[in-house]
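So this block is work_35.cif, mmCIF, C-alpha atoms:
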data_work
loop_
_atom_site.label_atom_id
_atom_site.label_comp_id
_atom_site.auth_asym_id
_atom_site.auth_seq_id
_atom_site.Cartn_x
_atom_site.Cartn_y
_atom_site.Cartn_z
CA MET N 16 2.09 -16.84 -42.42
CA GLU N 17 0.99 -13.25 -42.83
CA GLU N 18 -1.50 -11.99 -40.26
CA SER N 19 -4.94 -10.72 -41.22
CA ILE N 20 -6.47 -8.85 -38.28
CA ILE N 21 -9.99 -7.45 -37.87
CA ILE N 22 -10.89 -4.99 -35.10
CA ILE N 23 -14.66 -4.72 -34.57
CA GLY N 24 -15.66 -1.55 -32.72
CA SER N 25 -12.46 0.25 -33.65
CA ASN N 26 -13.73 3.83 -33.12
CA GLY N 27 -13.85 3.55 -29.33
CA GLN N 28 -11.41 4.34 -26.56
CA ILE N 29 -9.47 1.06 -26.80
CA GLY N 30 -9.93 0.48 -30.52
CA THR N 31 -8.34 3.71 -31.73
CA GLU N 32 -5.11 3.03 -29.86
CA LEU N 33 -5.06 -0.72 -30.37
CA ALA N 34 -5.40 -0.23 -34.14
CA THR N 35 -2.35 2.05 -34.15
CA ALA N 36 -0.29 -0.43 -32.13
CA LEU N 37 -1.28 -3.42 -34.27
CA ARG N 38 -0.55 -1.55 -37.51
CA LEU N 39 2.90 -0.61 -36.22
CA LYS N 40 3.49 -4.26 -35.44
CA TYR N 41 1.95 -6.00 -38.47
CA GLY N 42 1.69 -3.29 -41.13
CA GLU N 43 -1.18 -0.98 -42.12
CA LYS N 44 -2.74 -3.30 -44.69
CA SER N 45 -2.78 -6.29 -42.33
CA VAL N 46 -5.19 -4.60 -39.88
CA VAL N 47 -8.79 -3.97 -40.90
CA THR N 48 -10.72 -1.60 -38.64
CA SER N 49 -14.51 -1.65 -38.56
CA ASP N 50 -17.32 0.10 -36.72
CA ILE N 51 -20.96 1.05 -37.07
CA ARG N 52 -19.99 4.50 -38.41
CA GLN N 53 -17.02 6.20 -40.05
CA PRO N 54 -14.16 7.25 -37.72
CA ASN N 55 -13.68 10.94 -36.90
CA THR N 56 -10.26 10.92 -38.54
CA PRO N 57 -9.35 9.05 -41.74
CA SER N 58 -8.29 5.44 -41.18
CA GLN N 59 -4.62 4.63 -41.80
CA GLY N 60 -5.57 1.29 -43.33
CA PRO N 61 -8.61 -0.66 -44.56
CA PHE N 62 -11.90 0.31 -42.87
CA GLU N 63 -15.33 -1.30 -43.15
CA ILE N 64 -18.75 -0.27 -41.85
CA VAL N 65 -20.23 -3.19 -39.91
CA ASN N 66 -22.89 -3.74 -37.25
CA VAL N 67 -21.89 -6.60 -34.95
CA LEU N 68 -25.58 -7.57 -34.65
CA ASP N 69 -25.83 -8.10 -38.44
CA LYS N 70 -24.41 -11.60 -38.71
CA GLU N 71 -24.74 -11.73 -42.49
CA LEU N 72 -22.75 -8.52 -42.93
CA LEU N 73 -20.26 -9.73 -40.33
CA GLN N 74 -19.84 -12.98 -42.24
CA SER N 75 -19.07 -11.05 -45.43
CA LEU N 76 -16.28 -9.29 -43.50
CA PHE N 77 -14.80 -12.64 -42.42
CA GLU N 78 -15.21 -14.01 -45.95
CA LYS N 79 -13.46 -11.01 -47.50
CA TYR N 80 -10.46 -10.83 -45.16
CA LYS N 81 -10.10 -14.42 -43.80
CA PRO N 82 -8.85 -13.14 -40.42
CA THR N 83 -6.18 -14.87 -38.37
CA GLN N 84 -6.95 -12.63 -35.37
CA VAL N 85 -10.18 -10.88 -34.37
CA TYR N 86 -10.54 -8.20 -31.68
CA LEU N 87 -14.17 -7.64 -30.65
CA LEU N 88 -14.40 -4.26 -28.88
CA ALA N 89 -17.98 -3.20 -29.74
CA ALA N 90 -19.95 -2.80 -26.50
CA VAL N 91 -22.36 -0.62 -24.54
CA LEU N 92 -20.58 0.49 -21.34
CA SER N 93 -21.79 0.56 -17.73
CA ALA N 94 -23.48 3.93 -17.21
CA VAL N 95 -24.94 4.08 -20.74
CA GLY N 96 -26.11 0.47 -20.43
CA GLU N 97 -28.22 1.28 -17.39
CA GLN N 98 -30.22 3.74 -19.50
CA ASN N 99 -31.10 1.04 -22.05
CA PRO N 100 -30.41 -2.36 -20.47
CA LYS N 101 -32.00 -4.57 -23.15
CA LEU N 102 -30.03 -2.87 -25.93
CA ALA N 103 -26.84 -3.24 -23.87
CA TRP N 104 -27.48 -6.95 -23.30
CA ASP N 105 -28.31 -7.57 -26.96
CA LEU N 106 -25.28 -5.75 -28.33
CA ASN N 107 -22.82 -7.12 -25.79
CA MET N 108 -24.09 -10.71 -25.87
CA THR N 109 -25.39 -11.33 -29.38
CA GLY N 110 -22.40 -9.50 -30.84
CA LEU N 111 -20.01 -11.79 -28.95
CA LEU N 112 -21.83 -14.97 -29.98
CA ASN N 113 -21.88 -13.86 -33.63
CA VAL N 114 -18.12 -13.34 -33.57
CA LEU N 115 -17.41 -16.59 -31.71
CA ASP N 116 -19.52 -18.60 -34.18
CA LEU N 117 -17.86 -17.04 -37.23
CA SER N 118 -14.41 -17.46 -35.68
CA VAL N 119 -15.04 -21.19 -35.35
CA THR N 120 -16.39 -21.42 -38.92
CA TYR N 121 -13.47 -19.47 -40.42
CA ARG N 122 -10.84 -21.14 -38.19
CA VAL N 123 -9.56 -17.90 -36.69
CA ASP N 124 -6.28 -18.46 -34.81
CA LYS N 125 -6.94 -16.07 -31.91
CA VAL N 126 -9.86 -13.96 -30.67
CA PHE N 127 -9.62 -11.11 -28.17
CA TRP N 128 -12.65 -9.94 -26.20
CA PRO N 129 -12.49 -7.45 -23.32
CA SER N 130 -14.19 -8.16 -20.02
CA SER N 131 -14.28 -5.72 -17.10
CA ILE N 132 -14.09 -5.28 -13.35
CA ALA N 133 -17.87 -4.79 -13.70
CA VAL N 134 -18.15 -8.61 -13.37
CA PHE N 135 -17.58 -8.12 -9.64
CA GLY N 136 -20.33 -6.97 -7.31
CA PRO N 137 -21.27 -6.05 -3.74
CA HIS N 138 -20.31 -9.48 -2.33
CA SER N 139 -16.95 -9.71 -4.13
CA PRO N 140 -13.92 -8.92 -1.95
CA LYS N 141 -13.23 -5.17 -2.27
CA GLU N 142 -9.48 -5.21 -1.55
CA GLU N 143 -7.09 -7.14 -3.78
CA THR N 144 -10.05 -8.79 -5.50
CA PRO N 145 -8.81 -12.25 -6.56
CA GLN N 146 -9.16 -13.97 -9.92
CA TYR N 147 -11.67 -16.44 -8.49
CA CYS N 148 -14.33 -15.18 -6.09
CA ILE N 149 -18.05 -14.41 -5.80
CA MET N 150 -19.19 -12.37 -8.80
CA ASP N 151 -22.64 -10.78 -8.43
CA PRO N 152 -22.64 -7.84 -10.86
CA SER N 153 -25.35 -5.23 -10.36
CA THR N 154 -25.34 -3.67 -13.86
CA VAL N 155 -26.43 -5.10 -17.19
CA TYR N 156 -22.91 -4.33 -18.44
CA GLY N 157 -21.46 -6.49 -15.66
CA LEU N 158 -24.03 -9.23 -16.29
CA SER N 159 -23.13 -9.32 -19.99
CA LYS N 160 -19.42 -9.42 -19.24
CA GLN N 161 -19.81 -12.23 -16.71
CA ALA N 162 -21.90 -14.24 -19.17
CA GLY N 163 -19.44 -13.40 -21.95
CA GLU N 164 -16.54 -14.82 -19.91
CA ARG N 165 -18.42 -18.10 -19.59
CA TRP N 166 -19.11 -18.19 -23.33
CA CYS N 167 -15.44 -17.55 -24.14
CA GLU N 168 -14.36 -20.40 -21.88
CA TYR N 169 -17.09 -22.63 -23.34
CA TYR N 170 -15.97 -22.01 -26.93
CA PHE N 171 -12.38 -22.76 -25.93
CA ASN N 172 -13.32 -26.03 -24.23
CA LYS N 173 -15.92 -27.21 -26.78
CA TYR N 174 -14.49 -25.97 -30.09
CA GLY N 175 -10.82 -25.33 -29.30
CA LEU N 176 -11.22 -21.64 -30.19
CA ASP N 177 -8.28 -19.68 -28.76
CA VAL N 178 -10.19 -16.86 -27.06
CA ARG N 179 -8.23 -14.51 -24.80
CA SER N 180 -9.60 -11.86 -22.49
CA ILE N 181 -8.71 -9.21 -19.91
CA ARG N 182 -10.91 -7.79 -17.15
CA TYR N 183 -10.01 -4.17 -17.77
CA PRO N 184 -10.23 -1.73 -14.89
CA GLY N 185 -10.89 1.96 -15.62
CA LEU N 186 -8.85 2.98 -18.67
CA ILE N 187 -7.27 6.43 -18.87
CA SER N 188 -6.25 7.95 -22.19
CA TRP N 189 -5.64 11.41 -23.62
CA LYS N 190 -6.31 10.32 -27.21
CA ALA N 191 -10.02 9.43 -26.99
CA ALA N 192 -12.96 11.10 -25.29
CA PRO N 193 -14.69 9.41 -22.33
CA GLY N 194 -16.97 6.59 -23.51
CA GLY N 195 -19.78 6.45 -20.96
CA GLY N 196 -18.17 4.31 -18.29
CA THR N 197 -18.33 4.80 -14.54
CA THR N 198 -14.54 5.22 -14.31
CA ASP N 199 -14.47 7.87 -17.07
CA TYR N 200 -14.35 10.69 -14.53
CA ALA N 201 -10.61 9.98 -14.48
CA ILE N 202 -10.38 11.21 -18.09
CA HIS N 203 -12.93 14.01 -17.94
CA ILE N 204 -11.24 15.57 -14.90
CA PHE N 205 -8.07 16.28 -16.92
CA HIS N 206 -10.00 17.98 -19.74
CA GLU N 207 -11.92 20.15 -17.26
CA ALA N 208 -8.81 20.97 -15.20
CA LEU N 209 -7.04 22.36 -18.26
CA SER N 210 -10.03 24.08 -19.91
CA LYS N 211 -11.94 25.41 -16.85
CA GLY N 212 -9.76 24.91 -13.78
CA THR N 213 -12.65 23.20 -11.96
CA TYR N 214 -14.42 19.85 -12.07
CA GLU N 215 -17.59 18.51 -10.48
CA CYS N 216 -16.98 14.81 -9.91
CA PHE N 217 -19.96 12.42 -10.04
CA LEU N 218 -18.21 10.06 -7.57
CA SER N 219 -17.43 10.82 -3.93
CA ALA N 220 -13.96 12.04 -2.93
CA GLU N 221 -13.00 8.71 -1.33
CA THR N 222 -14.28 6.29 -4.01
CA ARG N 223 -11.20 4.17 -4.71
CA LEU N 224 -11.24 2.28 -8.02
CA PRO N 225 -8.64 0.27 -9.96
CA MET N 226 -7.32 2.01 -13.08
CA LEU N 227 -4.89 1.46 -15.93
CA TYR N 228 -3.16 3.96 -18.19
CA MET N 229 -3.97 3.20 -21.81
CA GLU N 230 -0.35 2.70 -22.84
CA ASP N 231 -0.08 -0.08 -20.25
CA ALA N 232 -3.45 -1.51 -21.33
CA ILE N 233 -2.37 -1.77 -24.98
CA GLN N 234 0.97 -3.33 -24.06
CA GLY N 235 -0.77 -5.80 -21.76
CA THR N 236 -3.24 -6.75 -24.49
CA LEU N 237 -0.44 -7.36 -27.01
CA GLN N 238 1.51 -9.35 -24.41
CA LEU N 239 -1.47 -11.59 -23.78
CA MET N 240 -2.10 -12.13 -27.49
CA ASP N 241 1.59 -12.95 -28.08
CA ALA N 242 1.81 -15.43 -25.19
CA PRO N 243 2.13 -19.13 -26.08
CA ALA N 244 -1.27 -20.82 -25.68
CA GLU N 245 0.21 -23.44 -23.36
CA ASN N 246 1.20 -20.72 -20.86
CA LEU N 247 -2.36 -19.52 -20.38
CA THR N 248 -4.23 -20.97 -17.42
CA ILE N 249 -7.24 -18.61 -17.56
CA ARG N 250 -9.76 -19.05 -20.37
CA SER N 251 -12.48 -16.85 -18.94
CA SER N 252 -10.72 -13.49 -18.44
CA TYR N 253 -7.57 -12.34 -16.66
CA ASN N 254 -7.64 -9.88 -13.76
CA LEU N 255 -5.47 -6.88 -14.65
CA THR N 256 -4.63 -3.63 -12.94
CA GLY N 257 -2.03 -0.90 -12.81
CA LEU N 258 -2.95 1.52 -10.02
CA SER N 259 -5.81 2.41 -7.65
CA PHE N 260 -6.74 5.92 -6.51
CA THR N 261 -9.63 8.11 -5.34
CA PRO N 262 -10.91 11.29 -7.04
CA ALA N 263 -9.36 13.29 -4.18
CA GLU N 264 -5.94 11.69 -4.74
CA LEU N 265 -6.16 12.28 -8.49
CA ALA N 266 -7.12 15.92 -7.89
CA GLU N 267 -4.04 16.39 -5.69
CA ALA N 268 -1.81 14.89 -8.41
CA ILE N 269 -3.32 17.30 -10.96
CA LYS N 270 -2.76 20.31 -8.67
CA VAL N 271 0.99 19.70 -8.90
CA HIS N 272 0.67 20.77 -12.57
CA VAL N 273 -2.42 23.02 -12.33
CA PRO N 274 -2.13 24.69 -8.88
CA GLU N 275 -5.37 26.67 -9.24
CA PHE N 276 -7.44 23.52 -9.96
CA SER N 277 -10.42 22.87 -7.67
CA ILE N 278 -12.79 19.91 -7.44
CA SER N 279 -16.32 19.53 -6.08
CA TYR N 280 -18.49 16.45 -5.68
CA SER N 281 -22.03 15.54 -6.72
CA ASN N 282 -24.14 13.78 -4.08
CA ASN N 283 -26.82 12.04 -6.10
CA ASP N 284 -25.36 10.58 -9.29
CA PRO N 285 -26.50 7.01 -10.11
CA ARG N 286 -22.93 6.10 -11.12
CA GLN N 287 -21.93 6.23 -7.44
CA ALA N 288 -24.02 3.13 -6.74
CA ILE N 289 -22.31 1.32 -9.63
CA ALA N 290 -18.84 2.26 -8.33
CA ASP N 291 -19.74 1.20 -4.78
CA GLY N 292 -20.27 -2.35 -6.01
CA TRP N 293 -16.86 -2.57 -7.69
CA PRO N 294 -13.42 -3.47 -6.25
CA SER N 295 -11.08 -0.82 -4.90
CA SER N 296 -7.99 -2.84 -5.90
CA ILE N 297 -7.34 -5.96 -8.00
CA ASN N 298 -5.05 -8.97 -7.58
CA ASP N 299 -3.58 -9.80 -11.00
CA GLU N 300 -1.06 -12.48 -10.01
CA TYR N 301 -2.18 -14.89 -12.77
CA ALA N 302 -1.39 -12.34 -15.51
CA ARG N 303 2.01 -11.66 -13.95
CA LYS N 304 2.80 -15.35 -13.68
CA ASP N 305 1.35 -16.61 -16.98
CA TRP N 306 2.48 -13.91 -19.41
CA GLY N 307 4.79 -11.51 -17.60
CA TRP N 308 2.41 -8.62 -16.96
CA ASN N 309 4.20 -5.65 -15.40
CA PRO N 310 2.59 -2.17 -15.68
CA GLN N 311 4.86 0.86 -16.09
CA PHE N 312 2.70 3.81 -15.00
CA ASN N 313 1.96 4.93 -11.44
CA LEU N 314 -0.30 7.88 -10.51
CA LYS N 315 2.48 10.48 -10.81
CA ALA N 316 3.73 9.25 -14.19
CA MET N 317 0.21 8.86 -15.59
CA THR N 318 -0.79 12.38 -14.49
CA GLU N 319 2.34 13.89 -16.07
CA GLU N 320 1.63 12.14 -19.38
CA MET N 321 -2.03 13.16 -19.44
CA ILE N 322 -1.30 16.83 -18.67
CA LYS N 323 1.58 17.07 -21.15
CA ASN N 324 -0.33 15.52 -24.06
CA LEU N 325 -3.63 17.27 -23.44
CA LYS N 326 -1.83 20.63 -23.20
CA GLN N 327 -0.23 19.98 -26.58
CA ASN N 328 -3.64 19.11 -28.02
CA LEU N 329 -5.15 22.35 -26.69
CA GLU N 330 -2.30 24.38 -28.14
CA THR N 331 -2.76 22.90 -31.62
CA THR N 332 -6.57 23.29 -31.77
#
Translate this file's structure into structure tokens.
Amino acid sequence: MEESIIIIGSNGQIGTELATALRLKYGEKSVVTSDIRQPNTPSQGPFEIVNVLDKELLQSLFEKYKPTQVYLLAAVLSAVGEQNPKLAWDLNMTGLLNVLDLSVTYRVDKVFWPSSIAVFGPHSPKEETPQYCIMDPSTVYGLSKQAGERWCEYYFNKYGLDVRSIRYPGLISWKAAPGGGTTDYAIHIFHEALSKGTYECFLSAETRLPMLYMEDAIQGTLQLMDAPAENLTIRSSYNLTGLSFTPAELAEAIKVHVPEFSISYSNNDPRQAIADGWPSSINDEYARKDWGWNPQFNLKAMTEEMIKNLKQNLETT
């Protein structure tokens, strides 16, 4: 059977790269991208304007394309969500429920929805945070992701909907601009290092956070979606990680390529409090055991890739 795939929220950091990967795998016409506004660059396949909060418009999208897979990526992220918490809750929660309902109605084979390390909080174990532990998120983004995990598991148990999810750590990519997350310093720092030679970091030098290079994140997502349903033991969301580092360690890795680079640190940014409540490293043994997760990029390899590709971008603009 030919796949019909819809990506909702395709203009964002994950969506732009996931769309490319899925079109390479299934063909350009099999993957429909959609977002609340037109993408910055022309879409390589079908594109539709859709607001995930408009259930009627969303239903027309399902009716038109009869999807076999749906990827719901539309969300308000952590730092932006704190500026407008009720909007963040509404978009993140109502959008998910709209998609889950329509996926049941239209008998979608598989649904992907991203969770986040923001589900953890001040009382979660900081080191090697396990799959199952206390989760007391302190941001509306984390609250919505924790509730979303429960809804995904509920729809699987009650309706048999094959929902799959990953708790993404900070995602690092050279292809998309930072999206308003607390871990996005790890993207912005590369842009500033190459354009200005300096960067003022909004997190402290020793704030260690789990991260994942986007190439690994996309491969992990495709691996999870390809895994036989009977292999999956987690129906809330899988812990996933690739590497953990501090801003100071990342700065040192960048200096190998940009020796004149210097970093300074802000002392009063509200994102520091968000980061302080998150894990410094993640235990992802279930993903490794259930579907063969094995990240390829360490700090050195990730830094080399970021510098190389961003330099090429600067040279061509």
Could you tell me how far CA of Arg250 in chain N lies from CA of Asp177 in chain N, in Å and to one decimal? 8.5 Å
To test your reading of the syntax: which residues would the PyMOL selection byres ((chain N and resi 23-36) around 6) return for the file shown? Reply as a ChimeraX atom specification. /N:22,37-39,48-50,54,87-89,191
Between N:Val46, N:Asp124, N:Pro243, N:Gly110, single out the one closest to Val65 in chain N, counting all atoms listed in the file. N:Gly110
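The environment of Ile269 in chain N within 10 Å, counting only C-alpha atoms and disregarding residues fewer than 4 places along the same chain, consists of Ile204, Phe205, Ala208, Leu209, Ala263, Glu264, Leu265, Val273, Pro274, Glu275, Phe276, Ser277, Leu314, Lys315, Thr318, Glu319, Met321 and Ile322 of chain N.
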For this structure, which residues satisfy the selection - the PyMOL selection byres ((chain N and resi 181) around 6) - when it is evaluated on the file as given? I want them as a PyMOL selection string. chain N and resi 129-130+180+182-183+252-253
Long-range neighbours of Glu221 in chain N as JSON, numbers by chain, 10 Å cut-off, all atoms listed in the file, 2 positions minimum in chain: {"N": [218, 219, 223, 224, 260, 261, 262, 263, 264]}
Between N:Met317, N:Leu115, N:Val85, N:Ile21, which has the minimum distance to Glu63 in chain N (counting all atoms listed in the file)?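 The closest residue to Glu63 in chain N is N:Ile21.
With distances restricted to all atoms listed in the file, N:Asn107 is the closest residue to Ser159 in chain N from N:Pro145, N:Ala201, N:Leu117, N:Asn107.
Counting all atoms listed in the file, Gln146 in chain N has the following residues at most 12 Å away, ignoring those fewer than 4 positions along the same chain: Ile132, Val134, Phe135, Ser139, Pro140, Met150, Ile181, Arg182, Thr248, Ile249, Arg250, Ser251, Ser252, Tyr253, Asn254, Leu255, Thr256, Pro294, Ser296, Ile297, Asn298, Asp299, Glu300, Tyr301 and Ala302 of chain N.
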How would the residues just chosen look if you wrote them out with C-alpha atoms as a PDB file, in the coordinates of the input?
ATOM      1  CA  ILE N 132     -14.090  -5.280 -13.350  1.00  0.00           C
ATOM      2  CA  VAL N 134     -18.150  -8.610 -13.370  1.00  0.00           C
ATOM      3  CA  PHE N 135     -17.580  -8.120  -9.640  1.00  0.00           C
ATOM      4  CA  SER N 139     -16.950  -9.710  -4.130  1.00  0.00           C
ATOM      5  CA  PRO N 140     -13.920  -8.920  -1.950  1.00  0.00           C
ATOM      6  CA  MET N 150     -19.190 -12.370  -8.800  1.00  0.00           C
ATOM      7  CA  ILE N 181      -8.710  -9.210 -19.910  1.00  0.00           C
ATOM      8  CA  ARG N 182     -10.910  -7.790 -17.150  1.00  0.00           C
ATOM      9  CA  THR N 248      -4.230 -20.970 -17.420  1.00  0.00           C
ATOM     10  CA  ILE N 249      -7.240 -18.610 -17.560  1.00  0.00           C
ATOM     11  CA  ARG N 250      -9.760 -19.050 -20.370  1.00  0.00           C
ATOM     12  CA  SER N 251     -12.480 -16.850 -18.940  1.00  0.00           C
ATOM     13  CA  SER N 252     -10.720 -13.490 -18.440  1.00  0.00           C
ATOM     14  CA  TYR N 253      -7.570 -12.340 -16.660  1.00  0.00           C
ATOM     15  CA  ASN N 254      -7.640  -9.880 -13.760  1.00  0.00           C
ATOM     16  CA  LEU N 255      -5.470  -6.880 -14.650  1.00  0.00           C
ATOM     17  CA  THR N 256      -4.630  -3.630 -12.940  1.00  0.00           C
ATOM     18  CA  PRO N 294     -13.420  -3.470  -6.250  1.00  0.00           C
ATOM     19  CA  SER N 296      -7.990  -2.840  -5.900  1.00  0.00           C
ATOM     20  CA  ILE N 297      -7.340  -5.960  -8.000  1.00  0.00           C
ATOM     21  CA  ASN N 298      -5.050  -8.970  -7.580  1.00  0.00           C
ATOM     22  CA  ASP N 299      -3.580  -9.800 -11.000  1.00  0.00           C
ATOM     23  CA  GLU N 300      -1.060 -12.480 -10.010  1.00  0.00           C
ATOM     24  CA  TYR N 301      -2.180 -14.890 -12.770  1.00  0.00           C
ATOM     25  CA  ALA N 302      -1.390 -12.340 -15.510  1.00  0.00           C
TER      26      ALA N 302
END
Please provide the set of residues having any atom within 12 Å of Pro82 in chain N, restricted to all atoms listed in the file, with same-chain residues fewer than 3 positions apart removed, written as a VMD selection string. chain N and resid 16 to 23 45 to 48 73 to 79 85 to 86 114 117 to 126
Expected selection from the PyMOL selection byres ((chain N and resi 284) around 12), given as a PyMOL selection string: chain N and resi 94+197+215-219+280-283+285-291
So which residues touch Asp151 in chain N within 10 Å, counting all atoms listed in the file, skipping near sequence neighbours fewer than 5 positions away, as a count of residues only? 11
Rounded to one decimal, what separation in Å do you get between CA of Ile187 in chain N and CA of Ala242 in chain N?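 Answer for the CA of Ile187 in chain N to CA of Ala242 in chain N separation: 24.5 Å.
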CA of Gln98 in chain N and CA of Met226 in chain N are how many Å apart? 23.8 Å
From the list N:Asn313, N:Gln234, N:Ser188, N:Ser259, which residue is nearest Glu142 in chain N when using all atoms listed in the file?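 Checking each of N:Asn313, N:Gln234, N:Ser188, N:Ser259 against Glu142 in chain N, counting all atoms listed in the file, the winner is N:Ser259.
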